[in-house]
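Visitor: To be precise about what I am sending: the file is called input-v5.cif and holds mmCIF, C-alpha atoms and all ligand atoms.
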```
data_model
loop_
_atom_site.label_atom_id
_atom_site.label_comp_id
_atom_site.auth_asym_id
_atom_site.auth_seq_id
_atom_site.Cartn_x
_atom_site.Cartn_y
_atom_site.Cartn_z
CA MET G 1 69.42 -3.50 90.34
CA ALA G 2 69.06 -2.40 93.94
CA GLY G 3 66.22 -2.11 96.36
CA LEU G 4 65.71 0.69 98.81
CA ARG G 5 62.99 1.99 101.08
CA ALA G 6 60.99 5.18 100.62
CA LEU G 7 57.71 6.83 101.61
CA TRP G 8 55.19 7.26 98.81
CA PHE G 9 52.81 10.20 98.94
CA ASP G 10 50.32 9.40 96.22
CA GLY G 11 48.38 12.67 96.53
CA ARG G 12 45.17 10.97 97.56
CA THR G 13 45.98 10.31 101.17
CA SER G 14 47.98 12.62 103.38
CA ALA G 15 50.07 9.90 104.99
CA GLY G 16 53.03 8.42 103.22
CA ARG G 17 53.06 4.70 102.52
CA PRO G 18 56.26 2.71 102.96
CA VAL G 19 57.37 1.22 99.65
CA ASP G 20 60.16 -0.89 98.23
CA LEU G 21 61.91 0.95 95.45
CA GLN G 22 63.65 -0.55 92.44
CA LEU G 23 65.71 1.40 89.91
CA GLN G 24 66.28 -0.55 86.72
CA PRO G 25 68.56 0.21 83.77
CA GLY G 26 66.86 1.33 80.56
CA ASP G 27 67.82 2.69 77.15
CA ARG G 28 67.10 6.29 78.05
CA GLY G 29 68.11 5.98 81.68
CA PRO G 30 66.85 4.16 84.76
CA SER G 31 63.19 3.41 85.20
CA LEU G 32 61.51 3.31 88.57
CA ALA G 33 59.30 0.61 90.07
CA LEU G 34 57.81 0.60 93.54
CA ARG G 35 55.79 -1.84 95.55
CA ALA G 36 53.87 -0.84 98.64
CA LEU G 37 53.78 -3.22 101.57
CA THR G 38 50.01 -3.33 101.01
CA GLY G 39 50.62 -4.86 97.62
CA ASP G 40 50.04 -1.80 95.35
CA THR G 41 52.63 -1.44 92.60
CA LEU G 42 53.66 1.36 90.27
CA ALA G 43 56.10 1.26 87.35
CA LEU G 44 57.30 4.49 85.75
CA ARG G 45 59.43 5.00 82.64
CA HIS G 46 62.53 7.18 82.88
CA GLU G 47 60.82 10.26 81.45
CA GLN G 48 57.90 10.01 83.86
CA VAL G 49 60.13 10.77 86.83
CA GLU G 50 61.50 14.18 87.76
CA TRP G 51 64.98 12.94 88.68
CA PRO G 52 66.38 15.18 91.41
CA GLU G 53 69.63 17.05 90.82
CA ARG G 54 72.81 15.57 92.12
CA TRP G 55 74.52 17.16 95.05
CA SER G 56 78.14 17.69 95.96
CA ALA G 57 79.69 15.58 98.71
CA ALA G 58 79.87 18.62 100.98
CA ARG G 59 76.15 19.33 100.69
CA LYS G 60 74.51 15.98 100.98
CA PRO G 61 70.80 16.45 101.74
CA ARG G 62 69.27 14.69 104.76
CA LYS G 63 66.38 13.43 102.69
CA LEU G 64 65.32 13.49 99.09
CA ILE G 65 61.98 14.24 97.43
CA VAL G 66 61.38 12.63 94.04
CA ASP G 67 58.54 14.09 91.99
CA LEU G 68 56.45 11.43 90.25
CA GLY G 69 54.13 13.87 88.48
CA PRO G 70 50.48 12.72 88.66
CA HIS G 71 51.57 9.79 90.83
CA GLY G 72 52.63 12.00 93.72
CA SER G 73 56.10 11.97 95.18
CA LEU G 74 58.59 9.83 97.02
CA GLN G 75 60.49 10.73 100.13
CA VAL G 76 63.84 8.93 100.32
CA ASP G 77 65.45 9.07 103.76
CA ASP G 78 68.76 7.65 102.60
CA PRO G 79 69.99 9.83 99.71
CA ALA G 80 73.32 7.97 99.57
CA ALA G 81 71.54 4.66 98.98
CA TRP G 82 69.38 6.36 96.33
CA GLU G 83 72.51 7.60 94.59
CA ASP G 84 74.13 4.17 94.73
CA ALA G 85 71.00 2.60 93.24
CA LEU G 86 70.92 5.28 90.55
CA ASP G 87 74.56 4.62 89.66
CA ALA G 88 73.95 0.87 89.63
CA ALA G 89 71.08 1.47 87.20
CA GLY G 90 73.41 3.35 84.88
CA HIS G 91 72.16 6.88 85.40
CA ARG G 92 74.31 9.52 83.70
CA PRO G 93 73.80 12.97 85.16
CA SER G 94 73.42 15.85 82.72
CA LEU G 95 76.38 18.12 81.99
CA ALA G 96 74.83 20.93 84.01
CA GLN G 97 74.40 18.58 86.95
CA ARG G 98 77.94 17.32 86.68
CA MET G 99 79.20 20.89 86.60
CA HIS G 100 77.30 21.46 89.84
CA THR G 101 78.86 18.53 91.58
CA ARG G 102 82.25 17.92 90.01
CA TRP G 103 85.04 20.47 89.83
CA SER G 104 86.88 18.44 87.20
CA THR G 105 83.89 18.61 84.85
CA PHE G 106 83.54 22.30 85.52
CA ALA G 107 87.23 22.83 84.70
CA ILE G 108 86.92 20.84 81.46
CA VAL G 109 83.90 22.87 80.39
CA LEU G 110 85.76 26.06 81.25
CA VAL G 111 88.79 25.02 79.20
CA ALA G 112 86.57 23.98 76.29
CA ALA G 113 84.82 27.36 76.38
CA ALA G 114 88.17 29.14 76.47
CA LEU G 115 89.40 27.09 73.50
CA LEU G 116 86.23 27.92 71.61
CA VAL G 117 86.70 31.64 72.22
CA PHE G 118 90.35 31.31 71.21
CA ALA G 119 89.46 29.43 68.01
CA PHE G 120 86.87 32.07 67.21
CA TYR G 121 89.50 34.77 67.75
CA ARG G 122 92.31 32.95 65.96
CA TRP G 123 90.54 31.48 62.91
CA GLY G 124 86.89 32.50 62.88
CA THR G 125 87.51 36.23 63.08
CA PRO G 126 90.16 36.40 60.30
CA TRP G 127 88.03 34.21 58.06
CA ALA G 128 84.93 36.32 58.58
CA ALA G 129 87.01 39.48 58.18
CA THR G 130 88.33 38.33 54.80
CA GLN G 131 84.80 37.68 53.58
CA LEU G 132 83.56 41.02 54.89
CA THR G 133 86.59 43.00 53.69
CA ARG G 134 85.68 42.01 50.13
CA GLN G 135 82.40 43.83 50.65
CA VAL G 136 83.85 47.07 52.00
CA PRO G 137 83.43 49.74 49.31
CA MET G 138 86.41 51.82 48.19
CA SER G 139 84.53 55.01 49.03
CA TRP G 140 84.42 53.95 52.67
CA GLU G 141 88.20 53.45 52.71
CA THR G 142 89.00 56.75 51.00
CA ALA G 143 86.61 58.70 53.23
CA LEU G 144 88.25 57.20 56.32
CA SER G 145 91.75 57.96 55.02
CA ASP G 146 90.92 61.51 53.94
CA GLY G 147 89.54 62.26 57.38
CA PHE G 148 92.48 60.67 59.12
CA LEU G 149 95.08 62.51 57.03
CA ARG G 150 93.21 65.79 57.61
CA ASP G 151 93.41 65.17 61.36
CA LEU G 152 97.12 64.40 61.12
CA ASP G 153 97.73 67.53 59.04
CA ALA G 154 95.99 69.58 61.70
CA SER G 155 98.06 68.05 64.51
CA LEU G 156 101.27 66.11 63.90
CA LEU G 157 102.19 66.78 60.27
CA LYS G 158 103.57 69.82 58.44
CA PRO G 159 104.29 70.44 54.74
CA SER G 160 107.39 68.62 53.55
CA LYS G 161 110.72 70.36 53.02
CA VAL G 162 112.12 67.64 50.78
CA PRO G 163 113.18 69.43 47.53
CA ALA G 164 110.59 69.24 44.77
CA GLU G 165 112.91 67.40 42.36
CA ARG G 166 113.70 64.74 45.00
CA GLN G 167 109.98 64.30 45.64
CA ALA G 168 109.38 64.02 41.89
CA ALA G 169 112.12 61.37 41.52
CA LEU G 170 110.73 59.26 44.36
CA ARG G 171 107.18 59.72 43.10
CA ALA G 172 108.21 58.57 39.63
CA ARG G 173 109.57 55.32 41.08
CA PHE G 174 106.49 54.98 43.30
CA ASP G 175 104.25 55.37 40.23
CA ALA G 176 106.34 52.77 38.41
CA LEU G 177 105.74 50.35 41.29
CA ALA G 178 102.02 51.10 41.21
CA ARG G 179 101.88 50.42 37.47
CA THR G 180 103.76 47.12 37.76
CA LEU G 181 101.51 45.40 40.31
CA PRO G 182 101.22 41.87 38.93
CA ALA G 183 98.01 39.89 39.26
CA GLU G 184 99.52 37.30 41.61
CA LEU G 185 100.33 40.00 44.16
CA ARG G 186 96.72 41.13 44.29
CA ARG G 187 94.99 39.44 47.16
CA TYR G 188 91.64 41.03 46.29
CA PRO G 189 91.42 40.65 42.51
CA GLY G 190 88.87 43.38 41.88
CA TYR G 191 90.53 45.82 44.25
CA ALA G 192 92.16 48.67 42.33
CA PRO G 193 92.91 51.63 44.61
CA ARG G 194 94.50 54.80 43.27
CA LEU G 195 97.92 54.76 44.93
CA VAL G 196 98.99 58.27 45.94
CA LEU G 197 102.24 59.25 47.64
CA HIS G 198 102.30 62.22 50.05
CA PHE G 199 105.36 63.84 51.59
CA ARG G 200 105.03 65.37 55.05
CA ARG G 201 107.27 66.69 57.80
CA GLY G 202 106.83 65.37 61.37
CA MET G 203 106.33 62.01 63.10
CA GLY G 204 110.02 61.18 62.93
CA ALA G 205 111.49 58.81 60.37
CA ASN G 206 108.30 57.20 59.23
CA ALA G 207 106.16 55.90 56.41
CA PHE G 208 102.63 54.58 56.64
CA ALA G 209 99.75 53.44 54.50
CA LEU G 210 96.11 54.39 54.89
CA PRO G 211 93.29 52.30 53.45
CA GLY G 212 92.31 53.11 49.89
CA GLY G 213 95.79 53.88 48.55
CA THR G 214 97.12 56.90 50.49
CA ILE G 215 100.77 56.49 51.48
CA VAL G 216 102.67 59.04 53.53
CA MET G 217 106.46 59.32 53.70
CA THR G 218 108.03 61.71 56.19
CA ASP G 219 111.04 63.96 55.70
CA GLY G 220 112.63 62.11 58.58
CA ILE G 221 112.92 58.82 56.72
CA VAL G 222 114.28 60.53 53.60
CA GLU G 223 116.88 62.30 55.74
CA LEU G 224 117.78 59.09 57.53
CA ALA G 225 118.34 57.26 54.23
CA ASP G 226 120.47 60.17 52.98
CA LYS G 227 122.48 60.34 56.18
CA HIS G 228 123.50 56.70 55.80
CA GLN G 229 123.85 56.97 52.01
CA LEU G 230 121.37 54.19 51.41
CA GLY G 231 120.07 55.67 48.17
CA ASP G 232 116.58 55.71 46.75
CA ASP G 233 116.26 51.91 46.59
CA ALA G 234 115.94 51.91 50.39
CA LEU G 235 113.05 54.40 50.29
CA VAL G 236 111.41 52.75 47.30
CA GLY G 237 111.57 49.42 49.17
CA VAL G 238 109.74 51.03 52.08
CA LEU G 239 107.14 52.37 49.65
CA ALA G 240 106.72 48.88 48.16
CA HIS G 241 106.13 47.57 51.71
CA GLU G 242 103.47 50.24 52.27
CA ILE G 243 101.82 49.42 48.93
CA GLY G 244 101.73 45.85 50.26
CA HIS G 245 99.71 47.03 53.26
CA VAL G 246 97.30 48.82 50.91
CA MET G 247 96.86 45.90 48.52
CA HIS G 248 96.36 43.45 51.39
CA ARG G 249 93.85 45.94 52.82
CA HIS G 250 95.41 45.42 56.23
CA THR G 251 93.91 48.42 57.99
CA THR G 252 90.44 47.66 56.66
CA ARG G 253 90.87 44.05 57.73
CA LEU G 254 91.90 45.10 61.22
CA ILE G 255 88.90 47.39 61.56
CA VAL G 256 86.57 44.70 60.23
CA GLU G 257 88.19 42.08 62.49
CA GLN G 258 87.74 44.37 65.46
CA GLY G 259 84.08 44.72 64.49
CA VAL G 260 83.60 40.98 64.01
CA LEU G 261 85.29 40.33 67.32
CA ASN G 262 83.13 42.90 69.07
CA VAL G 263 79.95 41.54 67.53
CA GLY G 264 81.02 37.99 68.40
CA LEU G 265 81.86 38.90 71.96
CA GLY G 266 78.70 41.00 72.13
CA LEU G 267 76.63 37.99 71.11
CA ALA G 268 78.48 35.79 73.57
CA LEU G 269 78.42 38.22 76.47
CA GLY G 270 75.36 40.30 75.65
CA ASP G 271 77.29 43.56 75.55
CA VAL G 272 76.71 46.11 72.81
CA SER G 273 78.80 48.98 74.15
CA TRP G 274 81.09 48.53 71.13
CA LEU G 275 78.46 50.38 69.12
CA LEU G 276 79.67 53.55 70.78
CA SER G 277 83.23 53.20 69.57
CA THR G 278 84.05 55.15 66.44
CA GLY G 279 86.03 54.26 63.38
CA SER G 280 88.75 56.75 64.08
CA SER G 281 89.42 55.50 67.58
CA LEU G 282 89.71 52.02 66.11
CA LEU G 283 92.14 53.26 63.52
CA THR G 284 94.45 54.92 66.01
CA GLY G 285 94.14 52.15 68.57
CA LEU G 286 94.91 49.32 66.20
CA SER G 287 97.29 46.82 67.54
CA TYR G 288 100.19 45.89 65.41
CA ARG G 289 99.97 42.61 63.59
CA ARG G 290 103.08 40.65 62.96
CA SER G 291 101.59 38.61 60.12
CA HIS G 292 100.66 41.80 58.30
CA GLU G 293 104.26 42.97 58.44
CA THR G 294 105.50 39.69 57.04
CA GLU G 295 102.95 39.92 54.23
CA ALA G 296 103.97 43.49 53.44
CA ASP G 297 107.67 42.50 53.48
CA CYS G 298 107.00 39.60 51.13
CA PHE G 299 105.01 41.88 48.88
CA ALA G 300 107.89 44.38 48.82
CA LEU G 301 110.41 41.63 48.06
CA ALA G 302 108.38 40.34 45.14
CA LEU G 303 107.66 43.79 43.75
CA MET G 304 111.23 45.05 44.10
CA THR G 305 112.59 41.92 42.44
CA ARG G 306 110.21 42.39 39.54
CA THR G 307 111.08 46.05 39.04
CA GLY G 308 114.82 45.46 39.30
CA GLY G 309 115.22 47.21 42.66
CA ARG G 310 117.52 45.95 45.39
CA THR G 311 116.09 45.05 48.81
CA GLY G 312 119.37 45.18 50.73
CA PRO G 313 119.28 48.98 51.23
CA MET G 314 115.74 48.72 52.55
CA ALA G 315 116.95 46.22 55.15
CA ASP G 316 119.74 48.61 56.18
CA LEU G 317 117.21 51.42 56.48
CA LEU G 318 115.03 49.20 58.65
CA LEU G 319 117.96 48.60 60.99
CA GLN G 320 118.82 52.32 61.09
CA MET G 321 115.18 53.10 61.88
CA GLU G 322 115.24 50.73 64.78
CA GLY G 323 117.91 52.94 66.31
CA ALA G 324 116.10 56.17 65.37
CA GLY G 325 112.76 54.77 66.46
CA LYS G 326 113.92 54.31 70.01
CA GLN G 327 113.87 58.06 70.46
CA GLN G 328 110.51 58.64 68.82
CA ARG G 329 107.36 56.58 68.81
CA THR G 330 104.02 56.93 67.07
CA ASP G 331 100.82 54.97 67.07
CA GLY G 332 99.46 52.90 64.30
CA ASN G 333 100.32 50.56 61.53
CA SER G 334 103.49 52.32 60.57
CA TRP G 335 106.85 51.28 59.34
CA MET G 336 108.64 53.08 62.14
CA GLU G 337 106.47 51.64 64.86
CA LEU G 338 107.51 48.23 63.69
CA ALA G 339 111.12 49.13 63.39
CA SER G 340 111.11 50.54 66.88
CA SER G 341 109.07 47.92 68.65
CA HIS G 342 109.39 44.69 66.80
CA PRO G 343 111.86 42.26 68.37
CA ALA G 344 112.39 40.46 65.07
CA THR G 345 113.69 43.50 63.18
CA ALA G 346 117.04 41.78 62.64
CA GLN G 347 115.24 38.73 61.24
CA ARG G 348 113.16 40.88 58.91
CA ALA G 349 116.26 42.72 57.74
CA GLN G 350 118.03 39.42 57.14
CA ALA G 351 115.14 38.09 55.05
CA LEU G 352 114.95 41.30 53.01
CA LYS G 353 118.70 41.29 52.44
CA SER G 354 118.85 37.70 51.27
CA GLY G 355 115.94 38.39 48.93
CA THR G 356 114.33 35.08 49.90
CA ALA G 357 112.13 35.15 52.94
CA PRO G 358 111.21 31.57 53.91
CA THR G 359 107.86 32.78 55.24
CA CYS G 360 106.74 34.16 51.87
CA ARG G 361 104.34 31.99 49.94
ZN ZN G 401 104.40 47.70 57.74
#
```
So, in terms of structure tokens, how does the structure I just supplied come out?
Ligand SMILES: [Zn+2]
Guide:
Amino acid sequence: MAGLRALWFDGRTSAGRPVDLQLQPGDRGPSLALRALTGDTLALRHEQVEWPERWSAARKPRKLIVDLGPHGSLQVDDPAAWEDALDAAGHRPSLAQRMHTRWSTFAIVLVAAALLVFAFYRWGTPWAATQLTRQVPMSWETALSDGFLRDLDASLLKPSKVPAERQAALRARFDALARTLPAELRRYPGYAPRLVLHFRRGMGANAFALPGGTIVMTDGIVELADKHQLGDDALVGVLAHEIGHVMHRHTTRLIVEQGVLNVGLGLALGDVSWLLSTGSSLLTGLSYRRSHETEADCFALALMTRTGGRTGPMADLLLQMEGAGKQQRTDGNSWMELASSHPATAQRAQALKSGTAPTCR
């Protein structure tokens, strides 16, 4: 409890009357009582007073006006004494006020906001994407893939020169993989894409999966496996990895996540320019996701083990591709991109070779 002097303008007379001011602690915050030297008194509850904002030390006002609503206003000539009395009466400034006056509070709020955005990005977005991915219809995925493959055929890809019987042999093993998919490897139980293998020439030693079941293997990767005498198990392992991407719906998830993230950021920042971006630019601009590669590797391990294939040759091919990939790069969620850019290629190869990746569930 502290007393201080002020001038009270009660709105009825133009001159201010000197008063003694008391700020007293209360449940909701300080209350205010004043007593004029003439004997008039006024007691106001916390919510009846328009408590002025706090100021920073560098911008201390010379005097302070306190709005008392229908009771007029107070002019305090000693703001520091007012502040001391307010503190003594247990006044807690609002967060917005503290941010105005205290850099430490501002920094804490900033960090908290950053953490919130991070948590939204790290956990909220993937969770929402999983829920939404379940709702994406197959027709949407196949339409996207058909369009994308058409674009590639018109630009980067040519018809394959791998002999027809070699293609048929690889396709037979691919179809066997597709038929064997056990229930526990299906992340989306109702999701049953038609898995189709295409051979193409171009884009280096490469294999990639498009949403909805389209998988492309290039002549380059077949030639690389042949050159190092790795046999068909190496190529079939790569195909199993790509089937993993399809069954986990990784590309669809990435597109959905991008959308969720854009909507989230749009809501947070009030920006809707993302509406202008198209599906195809998302597809080509997708950033590579390490967790997706691990999931696809684990999927390949499980599937190859089940179908009696060896995963060692696939690991050797991965290591060979890392060398080959350094000369040629492509965009997208492709096997070669990973082999060429991922620092943990040796680790991946090791896990595939041993047949037991510790990261697989
Ligand atoms: Zn992959």
Visitor: Emit as lines of an AutoDock Vina configuration file the padded axis-aligned box for all listed atoms of stretch 62-72 of chain G, 6 Å per side, with centre and edge lengths in Å to one decimal.
Guide:
```
center_x = 59.9
center_y = 12.2
center_z = 96.6
size_x = 30.8
size_y = 16.9
size_z = 28.3
```
Visitor: Quick one: distance from atom CA of G:Ala351 to atom CA of G:Cys298 in Å, one decimal?
Guide: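 Separating atom CA of G:Ala351 from atom CA of G:Cys298 is a distance of 9.2 Å.
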Visitor: Work out how far apart atom CA of G:His228 and atom CA of G:Asp297 are and give it in Å to one decimal.
Guide: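 If I compute the distance from atom CA of G:His228 to atom CA of G:Asp297, I get 21.4 Å.
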Visitor: Rank G:Ala172, G:Ala178, G:Ala207, G:Met304 by their smallest atom-to-atom distance to ligand ZN 401 (chain G), using only C-alpha atoms and all ligand atoms, and report the top residue only.
Guide: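 Between G:Ala172, G:Ala178, G:Ala207, G:Met304, the residue approaching ligand ZN 401 (chain G) most closely is G:Ala207.
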Visitor: Quick one: residues within 10 Å of stretch 120-132 of chain G, all atoms listed in the file, excluding same-chain residues fewer than 3 positions away - as a PyMOL selection string?
Guide: chain G and resi 114-117+135-136+188+249+252-262+264-265
Visitor: Rank G:Ala234, G:Val49, G:Ala300, G:Leu7 by their smallest atom-to-atom distance to ligand ZN 401 (chain G), using only C-alpha atoms and all ligand atoms, and report the top residue only.
Guide: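 Answer, going by the shortest atom-to-atom distance: G:Ala300.
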Visitor: Quick one, how far is atom CA of G:Asp78 from atom CA of G:Asp20?
Guide: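 Rounded to one decimal, the two atoms are 12.9 Å apart.
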Visitor: Is there a way to get, as number ranges by chain, all residues within 12 Å of the point (118.1, 61.9, 53.2) in file coordinates, counting only C-alpha atoms?
Guide: G: 161-163, 166-167, 170, 205, 217-232, 234-235, 317
Visitor: Using all atoms listed in the file, pick whichever of G:Val263, G:Leu156, G:Ala296, G:Ala183 has the shortest atom-to-atom distance to G:His241.
Guide: G:Ala296
Visitor: Find the residues near G:Thr38: any atom within 10 Å, counting only C-alpha atoms, skip ones fewer than 5 places away on the same chain, and give them as a VMD selection string.
Guide: chain G and resid 17 to 19
Visitor: Could you pull stretch 306-325 of chain G out of the block above and save it with N, CA, C and O atoms, as a short mmCIF file (atom, residue, chain, number, x, y, z; two decimals), in the first residue's frame?
Guide:
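Wrote it out as part12.cif, contents follow:
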```cif
data_model
loop_
_atom_site.label_atom_id
_atom_site.label_comp_id
_atom_site.auth_asym_id
_atom_site.auth_seq_id
_atom_site.Cartn_x
_atom_site.Cartn_y
_atom_site.Cartn_z
N ARG G 306 10.87 -62.02 -47.84
CA ARG G 306 9.70 -62.86 -48.01
C ARG G 306 9.70 -63.64 -49.31
O ARG G 306 9.19 -64.74 -49.40
N THR G 307 10.23 -62.98 -50.37
CA THR G 307 10.18 -63.62 -51.69
C THR G 307 11.48 -64.35 -51.99
O THR G 307 11.70 -64.78 -53.12
N GLY G 308 12.33 -64.48 -51.01
CA GLY G 308 13.55 -65.27 -51.18
C GLY G 308 14.65 -64.56 -51.96
O GLY G 308 15.60 -65.20 -52.40
N GLY G 309 14.51 -63.24 -52.15
CA GLY G 309 15.55 -62.50 -52.86
C GLY G 309 16.64 -62.05 -51.90
O GLY G 309 16.41 -61.93 -50.70
N ARG G 310 17.82 -61.79 -52.44
CA ARG G 310 18.92 -61.31 -51.59
C ARG G 310 18.97 -59.79 -51.67
O ARG G 310 18.69 -59.20 -52.72
N THR G 311 19.34 -59.14 -50.58
CA THR G 311 19.39 -57.67 -50.57
C THR G 311 20.82 -57.15 -50.68
O THR G 311 21.03 -55.96 -50.89
N GLY G 312 21.80 -58.05 -50.59
CA GLY G 312 23.19 -57.63 -50.74
C GLY G 312 23.49 -56.99 -52.09
O GLY G 312 24.07 -55.89 -52.15
N PRO G 313 23.05 -57.62 -53.20
CA PRO G 313 23.33 -57.03 -54.52
C PRO G 313 22.74 -55.64 -54.69
O PRO G 313 23.33 -54.76 -55.32
N MET G 314 21.58 -55.44 -54.09
CA MET G 314 20.92 -54.13 -54.15
C MET G 314 21.79 -53.07 -53.45
O MET G 314 21.93 -51.94 -53.92
N ALA G 315 22.39 -53.48 -52.34
CA ALA G 315 23.29 -52.56 -51.62
C ALA G 315 24.51 -52.22 -52.48
O ALA G 315 24.92 -51.05 -52.54
N ASP G 316 25.05 -53.23 -53.17
CA ASP G 316 26.19 -52.98 -54.05
C ASP G 316 25.81 -52.03 -55.17
O ASP G 316 26.58 -51.13 -55.54
N LEU G 317 24.60 -52.25 -55.72
CA LEU G 317 24.13 -51.37 -56.79
C LEU G 317 23.98 -49.93 -56.29
O LEU G 317 24.35 -48.97 -56.97
N LEU G 318 23.49 -49.81 -55.08
CA LEU G 318 23.34 -48.48 -54.47
C LEU G 318 24.69 -47.77 -54.41
O LEU G 318 24.81 -46.59 -54.75
N LEU G 319 25.71 -48.51 -53.99
CA LEU G 319 27.05 -47.93 -53.88
C LEU G 319 27.60 -47.58 -55.27
O LEU G 319 28.23 -46.52 -55.45
N GLN G 320 27.36 -48.45 -56.26
CA GLN G 320 27.81 -48.15 -57.62
C GLN G 320 27.10 -46.90 -58.16
O GLN G 320 27.69 -46.09 -58.86
N MET G 321 25.81 -46.78 -57.81
CA MET G 321 25.04 -45.63 -58.29
C MET G 321 25.53 -44.33 -57.68
O MET G 321 25.43 -43.28 -58.29
N GLU G 322 26.04 -44.44 -56.48
CA GLU G 322 26.56 -43.22 -55.86
C GLU G 322 27.69 -42.66 -56.72
O GLU G 322 27.77 -41.46 -56.96
N GLY G 323 28.54 -43.58 -57.20
CA GLY G 323 29.62 -43.15 -58.09
C GLY G 323 29.06 -42.61 -59.39
O GLY G 323 29.41 -41.51 -59.83
N ALA G 324 28.12 -43.37 -60.01
CA ALA G 324 27.55 -42.96 -61.30
C ALA G 324 26.75 -41.67 -61.16
O ALA G 324 26.76 -40.82 -62.04
N GLY G 325 26.09 -41.55 -60.01
CA GLY G 325 25.21 -40.40 -59.80
C GLY G 325 25.95 -39.09 -59.73
O GLY G 325 25.38 -38.02 -59.94
#
```
